[in-house]
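structure.txt, holding compact mmCIF, C-alpha atoms:
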# COMPACT_ATOMS: atom_id res chain seq x y z
CA MET A 1 -28.13 29.43 25.38
CA ASN A 2 -26.40 32.72 25.81
CA LEU A 3 -24.55 33.74 22.70
CA ASN A 4 -22.06 36.50 23.23
CA MET A 5 -18.61 37.76 22.32
CA THR A 6 -17.17 34.32 23.01
CA LEU A 7 -18.55 33.33 19.63
CA VAL A 8 -16.55 36.05 17.90
CA GLY A 9 -13.44 35.05 19.79
CA GLU A 10 -13.89 31.41 18.87
CA LEU A 11 -14.57 32.34 15.24
CA ILE A 12 -11.30 34.25 15.10
CA ALA A 13 -9.47 31.36 16.76
CA PHE A 14 -11.05 28.97 14.28
CA ILE A 15 -9.99 31.05 11.29
CA VAL A 16 -6.44 31.42 12.63
CA PHE A 17 -6.17 27.68 13.29
CA VAL A 18 -7.46 26.78 9.85
CA ILE A 19 -5.08 29.19 8.15
CA PHE A 20 -2.16 27.89 10.21
CA CYS A 21 -3.11 24.33 9.39
CA MET A 22 -3.47 25.20 5.71
CA LYS A 23 -0.10 26.93 5.53
CA PHE A 24 2.18 24.96 7.84
CA VAL A 25 0.63 21.61 8.73
CA TRP A 26 -1.27 20.11 5.83
CA PRO A 27 1.14 20.59 2.88
CA PRO A 28 4.27 18.98 4.44
CA LEU A 29 2.28 16.09 5.91
CA ILE A 30 0.31 15.24 2.79
CA GLY A 31 3.48 15.81 0.75
CA ALA A 32 5.39 13.31 2.85
CA ILE A 33 2.57 10.79 2.66
CA GLU A 34 2.24 11.09 -1.08
CA ALA A 35 5.99 10.93 -1.60
CA ARG A 36 6.15 7.75 0.46
CA GLN A 37 3.22 6.30 -1.44
CA ALA A 38 5.06 7.02 -4.68
CA THR A 39 8.23 5.41 -3.30
CA ILE A 40 6.31 2.31 -2.24
CA ALA A 41 4.54 2.12 -5.59
CA ASP A 42 7.91 2.41 -7.36
CA GLY A 43 9.37 -0.28 -5.15
CA LEU A 44 6.49 -2.61 -5.85
CA ALA A 45 6.74 -1.95 -9.57
CA ALA A 46 10.49 -2.59 -9.45
CA SER A 47 10.00 -5.86 -7.62
CA ASP A 48 7.37 -6.89 -10.15
CA ARG A 49 9.77 -6.08 -12.93
CA ALA A 50 12.55 -8.02 -11.22
CA ALA A 51 10.30 -11.03 -10.83
CA LYS A 52 9.42 -10.89 -14.51
CA GLU A 53 13.09 -10.55 -15.44
CA LEU A 54 13.93 -13.51 -13.25
CA GLU A 55 11.28 -15.55 -15.02
CA LEU A 56 12.69 -14.53 -18.38
CA ALA A 57 16.20 -15.40 -17.30
CA GLN A 58 15.04 -18.77 -16.07
CA GLU A 59 13.31 -19.42 -19.37
CA LYS A 60 16.46 -18.42 -21.19
CA ALA A 61 18.58 -20.67 -19.02
CA THR A 62 16.22 -23.58 -19.64
CA ALA A 63 16.38 -22.98 -23.38
CA GLN A 64 20.16 -22.82 -23.30
CA LEU A 65 20.35 -26.01 -21.30
CA LYS A 66 18.11 -27.73 -23.82
CA GLU A 67 20.25 -26.49 -26.66
CA ALA A 68 23.42 -27.68 -24.93
CA LYS A 69 21.88 -31.08 -24.39
CA ALA A 70 20.88 -31.27 -28.05
CA GLN A 71 24.40 -30.32 -29.05
CA ALA A 72 25.90 -32.94 -26.79
CA ALA A 73 23.59 -35.57 -28.26
CA GLU A 74 24.62 -34.48 -31.75
CA ILE A 75 28.30 -34.74 -30.86
CA ILE A 76 27.79 -38.19 -29.38
CA GLU A 77 25.89 -39.26 -32.46
CA ALA A 78 28.69 -38.04 -34.72
CA ALA A 79 31.26 -39.82 -32.60
CA LYS A 80 29.28 -43.05 -32.83
CA LYS A 81 29.09 -42.71 -36.60
CA ARG A 82 32.81 -42.12 -36.76
CA GLU A 83 33.41 -45.15 -34.59
CA VAL A 84 31.39 -47.36 -36.93
CA LEU A 85 33.29 -45.93 -39.87
CA LEU A 86 36.64 -46.61 -38.21
CA VAL A 87 35.65 -50.18 -37.37
CA GLU A 88 34.57 -50.78 -40.95
CA GLU A 89 37.77 -49.30 -42.27
CA ALA A 90 39.78 -51.49 -39.92
CA ALA A 91 37.86 -54.55 -41.03
CA VAL A 92 38.56 -53.73 -44.68
CA LYS A 93 42.23 -53.24 -43.93
CA ALA A 94 42.40 -56.49 -41.96
CA GLN A 95 40.76 -58.32 -44.85
CA ALA A 96 43.32 -56.94 -47.26
CA GLU A 97 46.15 -57.87 -44.94
CA LYS A 98 44.76 -61.36 -44.57
CA GLU A 99 44.56 -61.79 -48.33
CA LYS A 100 48.05 -60.53 -48.73
CA ILE A 101 49.36 -62.96 -46.11
CA LEU A 102 47.41 -65.77 -47.67
CA ALA A 103 48.82 -64.98 -51.10
CA ALA A 104 52.35 -64.89 -49.70
CA GLY A 105 51.73 -68.25 -48.02
CA HIS A 106 50.42 -69.76 -51.22
CA ALA A 107 53.44 -68.47 -53.09
CA GLU A 108 55.81 -69.93 -50.52
CA ILE A 109 54.04 -73.26 -50.60
CA GLU A 110 54.25 -73.30 -54.36
CA THR A 111 57.98 -72.63 -54.30
CA GLU A 112 58.56 -75.28 -51.70
CA ARG A 113 56.54 -77.78 -53.68
CA ASN A 114 58.52 -77.02 -56.80
CA GLN A 115 61.72 -77.44 -54.86
CA ALA A 116 60.51 -80.74 -53.44
CA LYS A 117 59.50 -81.87 -56.93
CA GLU A 118 62.94 -81.00 -58.19
CA GLU A 119 64.56 -82.86 -55.36
CA LEU A 120 62.32 -85.83 -55.95
CA ARG A 121 63.22 -85.83 -59.59
CA GLN A 122 66.86 -85.83 -58.75
CA GLN A 123 66.42 -88.68 -56.33
CA VAL A 124 64.24 -90.66 -58.78
CA ALA A 125 66.98 -90.25 -61.36
CA VAL A 126 69.51 -91.61 -58.94
CA LEU A 127 67.10 -94.44 -58.02
CA ALA A 128 66.42 -95.18 -61.65
CA VAL A 129 70.11 -95.34 -62.38
CA ALA A 130 70.64 -97.59 -59.40
CA GLY A 131 67.71 -99.78 -60.52
CA ALA A 132 69.05 -99.98 -64.03
CA GLU A 133 72.53 -100.82 -62.73
CA LYS A 134 71.00 -103.69 -60.77
CA ILE A 135 68.98 -104.86 -63.72
CA LEU A 136 71.89 -104.79 -66.10
CA GLU A 137 74.18 -106.05 -63.40
CA ARG A 138 76.88 -104.03 -64.88
CA SER A 139 78.01 -100.60 -64.39
CA ILE A 140 76.82 -98.14 -66.74
CA ASP A 141 78.81 -95.09 -67.33
CA ALA A 142 76.61 -92.41 -65.88
CA ALA A 143 78.34 -89.77 -67.88
CA ALA A 144 77.95 -91.68 -71.18
CA HIS A 145 74.29 -92.38 -70.68
CA SER A 146 73.37 -89.07 -69.05
CA ASP A 147 71.35 -88.04 -72.06
CA ILE A 148 69.09 -91.08 -71.64
CA LEU A 149 68.87 -90.35 -67.91
CA ASP A 150 68.04 -86.71 -68.49
CA LYS A 151 65.28 -87.80 -70.88
CA LEU A 152 63.97 -90.14 -68.23
CA VAL A 153 64.08 -87.47 -65.56
CA ALA A 154 62.19 -85.07 -67.79
CA GLU A 155 59.49 -87.69 -68.35
CA LEU A 156 58.89 -88.10 -64.63
CA MET B 157 -29.48 11.39 50.40
CA ALA B 158 -31.11 13.73 52.83
CA SER B 159 -33.94 16.04 51.81
CA GLY B 160 -31.62 19.01 51.75
CA ALA B 161 -29.37 17.26 49.28
CA GLU B 162 -32.00 17.72 46.54
CA ILE B 163 -31.23 21.40 46.44
CA THR B 164 -27.52 20.83 46.69
CA SER B 165 -27.48 18.46 43.74
CA GLN B 166 -29.51 20.96 41.73
CA GLU B 167 -27.11 23.66 42.73
CA TYR B 168 -24.23 21.34 41.94
CA ILE B 169 -25.43 20.80 38.40
CA LYS B 170 -26.25 24.44 37.89
CA HIS B 171 -22.87 25.41 39.22
CA HIS B 172 -21.12 23.06 36.88
CA LEU B 173 -23.00 24.35 33.87
CA GLN B 174 -21.93 27.91 34.60
CA ASN B 175 -19.19 29.37 32.46
CA LEU B 176 -16.39 31.46 33.84
CA THR B 177 -17.62 34.75 32.46
CA VAL B 178 -16.13 38.18 32.15
CA GLY B 179 -18.36 41.08 31.10
CA GLU B 180 -22.10 41.50 30.83
CA GLY B 181 -24.78 40.62 28.26
CA PHE B 182 -23.64 40.38 24.69
CA TRP B 183 -20.16 41.64 25.51
CA ALA B 184 -19.58 38.84 27.95
CA VAL B 185 -16.71 36.45 27.25
CA HIS B 186 -16.51 32.87 28.49
CA ILE B 187 -12.91 32.67 29.55
CA ASP B 188 -13.04 28.91 30.16
CA THR B 189 -14.49 28.03 26.75
CA LEU B 190 -12.09 30.36 24.99
CA GLY B 191 -9.10 29.25 27.04
CA TRP B 192 -9.65 25.53 26.76
CA SER B 193 -10.52 25.61 23.08
CA ILE B 194 -7.51 27.71 22.18
CA PHE B 195 -5.28 25.57 24.40
CA LEU B 196 -6.52 22.41 22.69
CA GLY B 197 -6.23 23.99 19.26
CA ILE B 198 -2.63 24.88 20.01
CA VAL B 199 -1.97 21.35 21.30
CA PHE B 200 -3.33 20.00 18.02
CA LEU B 201 -1.35 22.39 15.85
CA TYR B 202 1.82 21.98 17.94
CA ILE B 203 1.80 18.19 17.63
CA PHE B 204 0.94 18.19 13.95
CA ARG B 205 3.35 21.00 13.14
CA SER B 206 6.22 19.31 14.96
CA VAL B 207 5.55 16.12 13.00
CA ALA B 208 5.18 18.06 9.76
CA LYS B 209 8.53 19.76 10.28
CA LYS B 210 10.31 16.44 10.74
CA ALA B 211 8.18 14.58 8.20
CA ASN B 212 10.38 12.24 6.23
CA THR B 213 9.36 10.16 3.27
CA GLY B 214 11.19 7.09 4.50
CA VAL B 215 10.20 4.88 7.41
CA PRO B 216 8.01 7.01 9.70
CA GLY B 217 8.27 7.12 13.48
CA LYS B 218 5.39 6.14 15.72
CA LEU B 219 4.06 9.65 16.29
CA GLN B 220 4.41 10.40 12.60
CA CYS B 221 2.49 7.21 11.84
CA ALA B 222 -0.35 8.24 14.15
CA VAL B 223 -0.50 11.76 12.72
CA GLU B 224 -0.33 10.47 9.17
CA MET B 225 -3.15 8.04 9.89
CA VAL B 226 -5.36 10.96 10.91
CA VAL B 227 -4.25 13.02 7.93
CA GLU B 228 -4.86 10.18 5.53
CA PHE B 229 -8.24 9.41 7.07
CA VAL B 230 -9.29 13.03 6.60
CA ASP B 231 -7.79 13.11 3.11
CA ASP B 232 -9.73 9.99 2.11
CA SER B 233 -12.95 11.43 3.53
CA VAL B 234 -12.42 14.63 1.58
CA LYS B 235 -11.52 12.84 -1.64
CA SER B 236 -14.52 10.51 -1.42
CA THR B 237 -16.92 13.45 -1.19
CA PHE B 238 -15.30 16.44 -2.79
CA HIS B 239 -13.98 16.00 -6.31
CA GLY B 240 -12.86 19.49 -7.23
CA LYS B 241 -9.59 21.19 -6.49
CA ASN B 242 -9.56 23.33 -3.38
CA PRO B 243 -6.57 23.87 -1.10
CA VAL B 244 -8.77 24.93 1.85
CA ILE B 245 -11.17 22.04 2.33
CA ALA B 246 -8.74 19.32 3.40
CA PRO B 247 -6.88 21.40 6.03
CA LEU B 248 -10.22 22.79 7.16
CA ALA B 249 -11.59 19.28 7.59
CA LEU B 250 -8.46 18.21 9.47
CA THR B 251 -8.65 21.19 11.79
CA ILE B 252 -12.33 20.63 12.47
CA PHE B 253 -11.94 16.91 13.06
CA VAL B 254 -8.98 16.99 15.41
CA TRP B 255 -9.95 20.16 17.21
CA VAL B 256 -13.53 19.06 17.83
CA LEU B 257 -12.30 15.61 18.81
CA LEU B 258 -9.93 17.08 21.38
CA MET B 259 -12.57 19.44 22.74
CA ASN B 260 -15.09 16.61 22.95
CA ALA B 261 -12.48 14.42 24.59
CA MET B 262 -12.45 16.81 27.55
CA ASP B 263 -15.75 15.13 28.36
CA TRP B 264 -13.80 12.06 29.46
CA VAL B 265 -12.00 14.01 32.15
CA PRO B 266 -13.95 13.44 35.38
CA VAL B 267 -16.50 16.22 35.76
CA ASP B 268 -15.16 17.49 39.06
CA LEU B 269 -11.44 17.19 38.46
CA ILE B 270 -10.74 20.37 36.56
CA PRO B 271 -13.25 22.59 38.47
CA ARG B 272 -11.76 21.40 41.79
CA ILE B 273 -8.23 22.18 40.70
CA PHE B 274 -9.27 25.63 39.59
CA GLU B 275 -11.19 26.16 42.82
CA LEU B 276 -7.94 25.76 44.69
CA PHE B 277 -6.75 28.86 42.88
CA GLY B 278 -9.94 30.74 43.65
CA VAL B 279 -11.65 30.26 40.29
CA HIS B 280 -15.22 29.20 41.04
CA TYR B 281 -16.62 28.43 37.63
CA MET B 282 -14.92 26.21 35.12
CA LYS B 283 -16.53 24.39 32.21
CA ALA B 284 -13.77 22.37 30.64
CA VAL B 285 -15.62 21.00 27.59
CA PRO B 286 -15.71 23.86 25.07
CA THR B 287 -18.17 22.09 22.76
CA THR B 288 -20.84 22.17 25.48
CA ASP B 289 -20.84 25.93 24.99
CA PRO B 290 -23.10 26.95 22.06
CA ASN B 291 -20.72 29.84 21.40
CA MET B 292 -18.08 27.36 20.41
CA THR B 293 -20.24 25.23 18.16
CA PHE B 294 -21.90 28.22 16.54
CA ALA B 295 -18.52 29.78 15.87
CA LEU B 296 -17.44 26.65 14.02
CA ALA B 297 -20.74 26.42 12.15
CA LEU B 298 -20.64 30.10 11.20
CA GLY B 299 -17.10 29.73 9.92
CA VAL B 300 -18.26 26.88 7.71
CA PHE B 301 -21.35 28.88 6.70
CA PHE B 302 -19.22 31.82 5.54
CA LEU B 303 -17.13 29.45 3.48
CA ILE B 304 -20.30 27.97 1.93
CA ILE B 305 -21.45 31.44 0.90
CA TYR B 306 -17.96 32.42 -0.26
CA TYR B 307 -17.46 29.39 -2.46
CA SER B 308 -21.03 29.46 -3.78
CA ILE B 309 -20.43 32.99 -5.03
CA LYS B 310 -16.87 32.28 -6.16
CA VAL B 311 -17.82 29.23 -8.20
CA LYS B 312 -21.23 30.26 -9.53
CA GLY B 313 -20.96 34.05 -9.43
CA VAL B 314 -23.47 36.29 -7.63
CA SER B 315 -26.10 35.79 -10.31
CA GLY B 316 -25.54 32.04 -10.37
CA PHE B 317 -25.91 31.84 -6.62
CA ILE B 318 -29.11 33.91 -6.68
CA LYS B 319 -30.42 31.82 -9.54
CA GLU B 320 -29.75 28.68 -7.54
CA LEU B 321 -31.65 30.16 -4.60
CA THR B 322 -34.66 31.18 -6.66
CA THR B 323 -35.16 28.86 -9.65
CA GLN B 324 -35.36 25.62 -7.71
CA PRO B 325 -37.24 23.43 -7.11
CA PHE B 326 -40.15 25.04 -9.02
CA GLY B 327 -39.35 26.27 -12.52
CA HIS B 328 -42.13 28.82 -12.95
CA TRP B 329 -41.26 32.49 -12.37
CA SER B 330 -44.32 33.12 -10.21
CA LEU B 331 -43.06 30.58 -7.69
CA TYR B 332 -39.60 32.17 -7.36
CA PRO B 333 -40.39 33.77 -3.98
CA VAL B 334 -41.52 30.38 -2.68
CA ASN B 335 -38.33 28.84 -3.99
CA PHE B 336 -36.30 31.54 -2.32
CA VAL B 337 -37.92 30.91 1.06
CA LEU B 338 -37.38 27.16 0.73
CA GLU B 339 -33.77 27.52 -0.35
CA MET B 340 -33.03 30.01 2.41
CA VAL B 341 -34.39 27.57 4.96
CA THR B 342 -32.17 24.85 3.50
CA LEU B 343 -29.17 27.16 3.50
CA LEU B 344 -29.66 28.45 7.03
CA ALA B 345 -30.54 25.03 8.40
CA ARG B 346 -27.03 23.85 7.57
CA PRO B 347 -25.01 25.89 10.07
CA LEU B 348 -27.84 25.72 12.60
CA SER B 349 -28.00 21.93 12.48
CA LEU B 350 -24.22 21.64 12.52
CA ALA B 351 -23.92 23.79 15.63
CA LEU B 352 -26.91 22.38 17.49
CA ARG B 353 -26.09 18.75 16.81
CA LEU B 354 -22.63 19.05 18.29
CA PHE B 355 -23.74 21.25 21.15
CA GLY B 356 -26.77 19.07 21.94
CA ASN B 357 -24.85 15.82 22.02
CA LEU B 358 -22.03 17.10 24.17
CA TYR B 359 -24.20 19.18 26.47
CA ALA B 360 -26.49 16.22 27.09
CA GLY B 361 -23.50 13.98 27.68
CA GLU B 362 -22.03 16.40 30.16
CA LEU B 363 -25.38 16.80 31.89
CA ILE B 364 -25.69 13.04 32.35
CA PHE B 365 -22.18 12.92 33.78
CA LEU B 366 -23.22 15.57 36.27
CA LEU B 367 -26.42 13.70 37.13
CA ILE B 368 -24.42 10.51 37.66
CA ALA B 369 -22.07 12.42 39.91
CA THR B 370 -24.97 13.20 42.24
CA ILE B 371 -26.12 9.62 42.87
CA GLY B 372 -23.53 8.78 45.47
CA LEU B 373 -21.67 5.55 45.86
CA PHE B 374 -22.81 3.79 42.68
CA GLN B 375 -21.62 6.57 40.47
CA LEU B 376 -18.27 4.91 39.71
CA PRO B 377 -19.48 1.97 37.56
CA VAL B 378 -22.14 4.17 36.00
CA HIS B 379 -19.57 6.85 35.23
CA PHE B 380 -17.44 4.20 33.64
CA LEU B 381 -20.30 2.92 31.48
CA TRP B 382 -21.27 6.41 30.35
CA ALA B 383 -17.64 7.25 29.55
CA ALA B 384 -17.37 4.02 27.59
CA PHE B 385 -20.47 4.99 25.65
CA HIS B 386 -18.79 8.29 24.92
CA LEU B 387 -16.01 6.38 23.23
CA LEU B 388 -18.54 6.20 20.42
CA VAL B 389 -20.20 9.59 20.76
CA ILE B 390 -17.09 11.75 20.94
CA PRO B 391 -15.31 10.66 17.75
CA LEU B 392 -18.61 10.22 15.95
CA GLN B 393 -19.67 13.80 16.58
CA ALA B 394 -16.27 15.09 15.46
CA PHE B 395 -16.50 12.92 12.34
CA ILE B 396 -20.06 14.01 11.55
CA PHE B 397 -19.12 17.67 11.88
CA MET B 398 -16.17 17.17 9.53
CA MET B 399 -18.11 15.06 7.03
CA LEU B 400 -21.01 17.52 6.84
CA THR B 401 -18.59 20.41 6.41
CA ILE B 402 -17.00 18.65 3.45
CA LEU B 403 -20.42 17.78 2.05
CA TYR B 404 -21.79 21.31 2.33
CA LEU B 405 -18.68 22.79 0.75
CA SER B 406 -18.75 20.29 -2.10
CA LEU B 407 -22.42 21.17 -2.66
CA ALA B 408 -21.39 24.83 -2.76
CA HIS B 409 -18.94 23.92 -5.54
CA GLU B 410 -21.53 22.17 -7.65
CA ASP B 411 -22.79 24.18 -10.58
CA HIS B 412 -26.25 23.29 -11.74
Could the structure of this file be written out as structure tokens, please?
Amino acid sequence: MNLNMTLVGELIAFIVFVIFCMKFVWPPLIGAIEARQATIADGLAASDRAAKELELAQEKATAQLKEAKAQAAEIIEAAKKREVLLVEEAAVKAQAEKEKILAAGHAEIETERNQAKEELRQQVAVLAVAGAEKILERSIDAAAHSDILDKLVAEL
Amino acid sequence: MASGAEITSQEYIKHHLQNLTVGEGFWAVHIDTLGWSIFLGIVFLYIFRSVAKKANTGVPGKLQCAVEMVVEFVDDSVKSTFHGKNPVIAPLALTIFVWVLLMNAMDWVPVDLIPRIFELFGVHYMKAVPTTDPNMTFALALGVFFLIIYYSIKVKGVSGFIKELTTQPFGHWSLYPVNFVLEMVTLLARPLSLALRLFGNLYAGELIFLLIATIGLFQLPVHFLWAAFHLLVIPLQAFIFMMLTILYLSLAHEDH
């Protein structure tokens, strides 16, 4: 253990090194480290935020999809209702048409029947005259006895 | 070994523990200690400064990564112990850690390599591990000691510092001298223990290396084992020196 001037020399070297380190080495290094740490922290925070935003967007999309589905169902429901309504309306119309046609048919039948009746009457008159002619075995003047014949026809 | 070899091995060890000295007595200077320590200090500062100059905040290179790991390790150690604000302590701790580590690491260089090389140039004494020289370790410890005193006075004032030295641990005024003696022992023990711990560990390590070098053929595996053991000792001693420096300086900042 021989302490001597070396100690003083080393002490000076030590002080110089520490001062150099303090002035030129430590601040830029720790600055760079801390700046990078801040950058990384920011990046992590940003990614967190992005993940949260994505989740929100997904939720929103799901909600919108649900809403769209509900709307579609509503539209379909309305269309179905309208369909039923149309069918009913058509049925009513068809009924009316049917009645109208039926009525027309009835009317035609009635007319035809009347016509047939008339014709029958005419023919019966002729037959009656013919019958009477045979019975009387003499000709009867149709024009002179037309009033009797007309009365007969009206009775039929 | 032959009987004459006993003396040679003694001489060998003695020779290897001799510093390259210029001057006499107190004015002597150990050129090897001074040279190697300053060389290693400059290596440390050159590497760190070159990284610091190019330091970017983006993706770091490999050397920058390594340097930043050391810086962050020191920064964490400082922050875990010292809670005040002081621009000196962290760079001081970094300097101590890396410098002492590099100086200790010279212990890994085979004990004869550097002395042999220097012998070729006619230099007969060469101790390449600066921390095996008490001058080196005491210089570091004294530097720390001055800072302890400086910050004690700066933070607490002269009266506060004196009060701290005299009013503890016994509160009565008649026991103040006793307190003062106790506190002075505590205060002075700090640099002394710092210096002697580092010196003792490295000196002993170096001595064992030298002893191993004298045992002949089997020295190679034994050298290897001892060097492997020093994988623990060398960084540990550097770390302890740094940690205690931070601790002592944070104690100096504490106001009672």
Pick out the chain B residues within 8 Å of chain A. Count only C-alpha atoms. Give them as a PDB file with C-alpha atoms, in the coordinates of the input.
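What follows is the written file result_38.pdb:
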ATOM      1  CA  GLY B 181     -24.780  40.620  28.260  1.00  0.00           C
ATOM      2  CA  PHE B 182     -23.640  40.380  24.690  1.00  0.00           C
ATOM      3  CA  TRP B 183     -20.160  41.640  25.510  1.00  0.00           C
ATOM      4  CA  ALA B 184     -19.580  38.840  27.950  1.00  0.00           C
ATOM      5  CA  VAL B 185     -16.710  36.450  27.250  1.00  0.00           C
ATOM      6  CA  HIS B 186     -16.510  32.870  28.490  1.00  0.00           C
ATOM      7  CA  ILE B 187     -12.910  32.670  29.550  1.00  0.00           C
ATOM      8  CA  THR B 189     -14.490  28.030  26.750  1.00  0.00           C
ATOM      9  CA  LEU B 190     -12.090  30.360  24.990  1.00  0.00           C
ATOM     10  CA  SER B 193     -10.520  25.610  23.080  1.00  0.00           C
ATOM     11  CA  ILE B 194      -7.510  27.710  22.180  1.00  0.00           C
ATOM     12  CA  GLY B 197      -6.230  23.990  19.260  1.00  0.00           C
ATOM     13  CA  LEU B 201      -1.350  22.390  15.850  1.00  0.00           C
ATOM     14  CA  PHE B 204       0.940  18.190  13.950  1.00  0.00           C
ATOM     15  CA  ARG B 205       3.350  21.000  13.140  1.00  0.00           C
ATOM     16  CA  VAL B 207       5.550  16.120  13.000  1.00  0.00           C
ATOM     17  CA  ALA B 208       5.180  18.060   9.760  1.00  0.00           C
ATOM     18  CA  LYS B 209       8.530  19.760  10.280  1.00  0.00           C
ATOM     19  CA  ALA B 211       8.180  14.580   8.200  1.00  0.00           C
ATOM     20  CA  ASN B 212      10.380  12.240   6.230  1.00  0.00           C
ATOM     21  CA  THR B 213       9.360  10.160   3.270  1.00  0.00           C
ATOM     22  CA  GLY B 214      11.190   7.090   4.500  1.00  0.00           C
ATOM     23  CA  GLU B 224      -0.330  10.470   9.170  1.00  0.00           C
ATOM     24  CA  VAL B 227      -4.250  13.020   7.930  1.00  0.00           C
ATOM     25  CA  GLU B 228      -4.860  10.180   5.530  1.00  0.00           C
ATOM     26  CA  PRO B 243      -6.570  23.870  -1.100  1.00  0.00           C
ATOM     27  CA  VAL B 244      -8.770  24.930   1.850  1.00  0.00           C
ATOM     28  CA  ALA B 246      -8.740  19.320   3.400  1.00  0.00           C
ATOM     29  CA  PRO B 247      -6.880  21.400   6.030  1.00  0.00           C
ATOM     30  CA  LEU B 248     -10.220  22.790   7.160  1.00  0.00           C
ATOM     31  CA  THR B 251      -8.650  21.190  11.790  1.00  0.00           C
ATOM     32  CA  PRO B 290     -23.100  26.950  22.060  1.00  0.00           C
ATOM     33  CA  ASN B 291     -20.720  29.840  21.400  1.00  0.00           C
ATOM     34  CA  MET B 292     -18.080  27.360  20.410  1.00  0.00           C
ATOM     35  CA  PHE B 294     -21.900  28.220  16.540  1.00  0.00           C
ATOM     36  CA  ALA B 295     -18.520  29.780  15.870  1.00  0.00           C
ATOM     37  CA  LEU B 296     -17.440  26.650  14.020  1.00  0.00           C
ATOM     38  CA  LEU B 298     -20.640  30.100  11.200  1.00  0.00           C
ATOM     39  CA  GLY B 299     -17.100  29.730   9.920  1.00  0.00           C
TER      40      GLY B 299
END
Using the file's own x, y and z axes, so that the box edges lie along x, y and z, what centre and edge lengths in Å (one decimal) does a box around every listed atom of region 120-126 of chain A get when 5 Å is added on each side? Give it as JSON.
{"center_x": 65.9, "center_y": -88.7, "center_z": -58.7, "size_x": 17.2, "size_y": 15.8, "size_z": 15.4}
Please identify all polymer residues within 8 Å of His379 (chain B), counting all atoms listed in the file, omitting same-chain residues fewer than 2 positions from it, and present them as a ChimeraX atom specification. /B:365,368-369,375-377,381-383
Two-atom distance - CA of Ser406 (chain B), CA of His239 (chain B) (Å): 7.7 Å
Using only C-alpha atoms, find the one residue out of B:Leu348, B:Thr287, B:Pro266, B:Met398 that sits nearest to Phe380 (chain B). B:Pro266
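For Leu338 (chain B), the non-local neighbours within 12 Å, defined as residues at least 6 positions apart in the same chain or in other chains and counting all atoms listed in the file, are Glu320, Leu321, Thr322, Thr323, Gln324, Pro325, Phe326, Leu331, Tyr332, Leu344 and Ala345 of chain B.
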Neighbour list for Thr401 (chain B) as a ChimeraX atom specification, cut-off 12 Å, only C-alpha atoms, skip fewer than 4 positions in-chain: /B:230,233-234,237-238,244-253,296-304,346-347,349-351,394-397,405-408
Counting only C-alpha atoms, note down every residue that has an atom within 9 Å of the point (-15.3, 15.6, 29.3) (file coordinates), as number ranges by chain. B: 259-267, 284-285, 358, 361-362, 365, 383
Just to confirm, what's the straight-line distance from CA of Lys66 (chain A) to CA of Glu83 (chain A) in Å (one decimal)? 25.6 Å
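Across the structure, CA of Arg121 (chain A) and CA of Leu149 (chain A) are spaced 11.0 Å apart.
Each of A:Ala78, A:Ala57, A:Lys134, A:Ala125 was checked against Ser146 (chain A) using only C-alpha atoms; the smallest atom-to-atom distance is that of A:Ala125.
Proximity of B:Leu354, B:Ile305, B:Leu176, B:Ile364 to Leu400 (chain B), computed with all atoms listed in the file, is greatest for B:Leu354.
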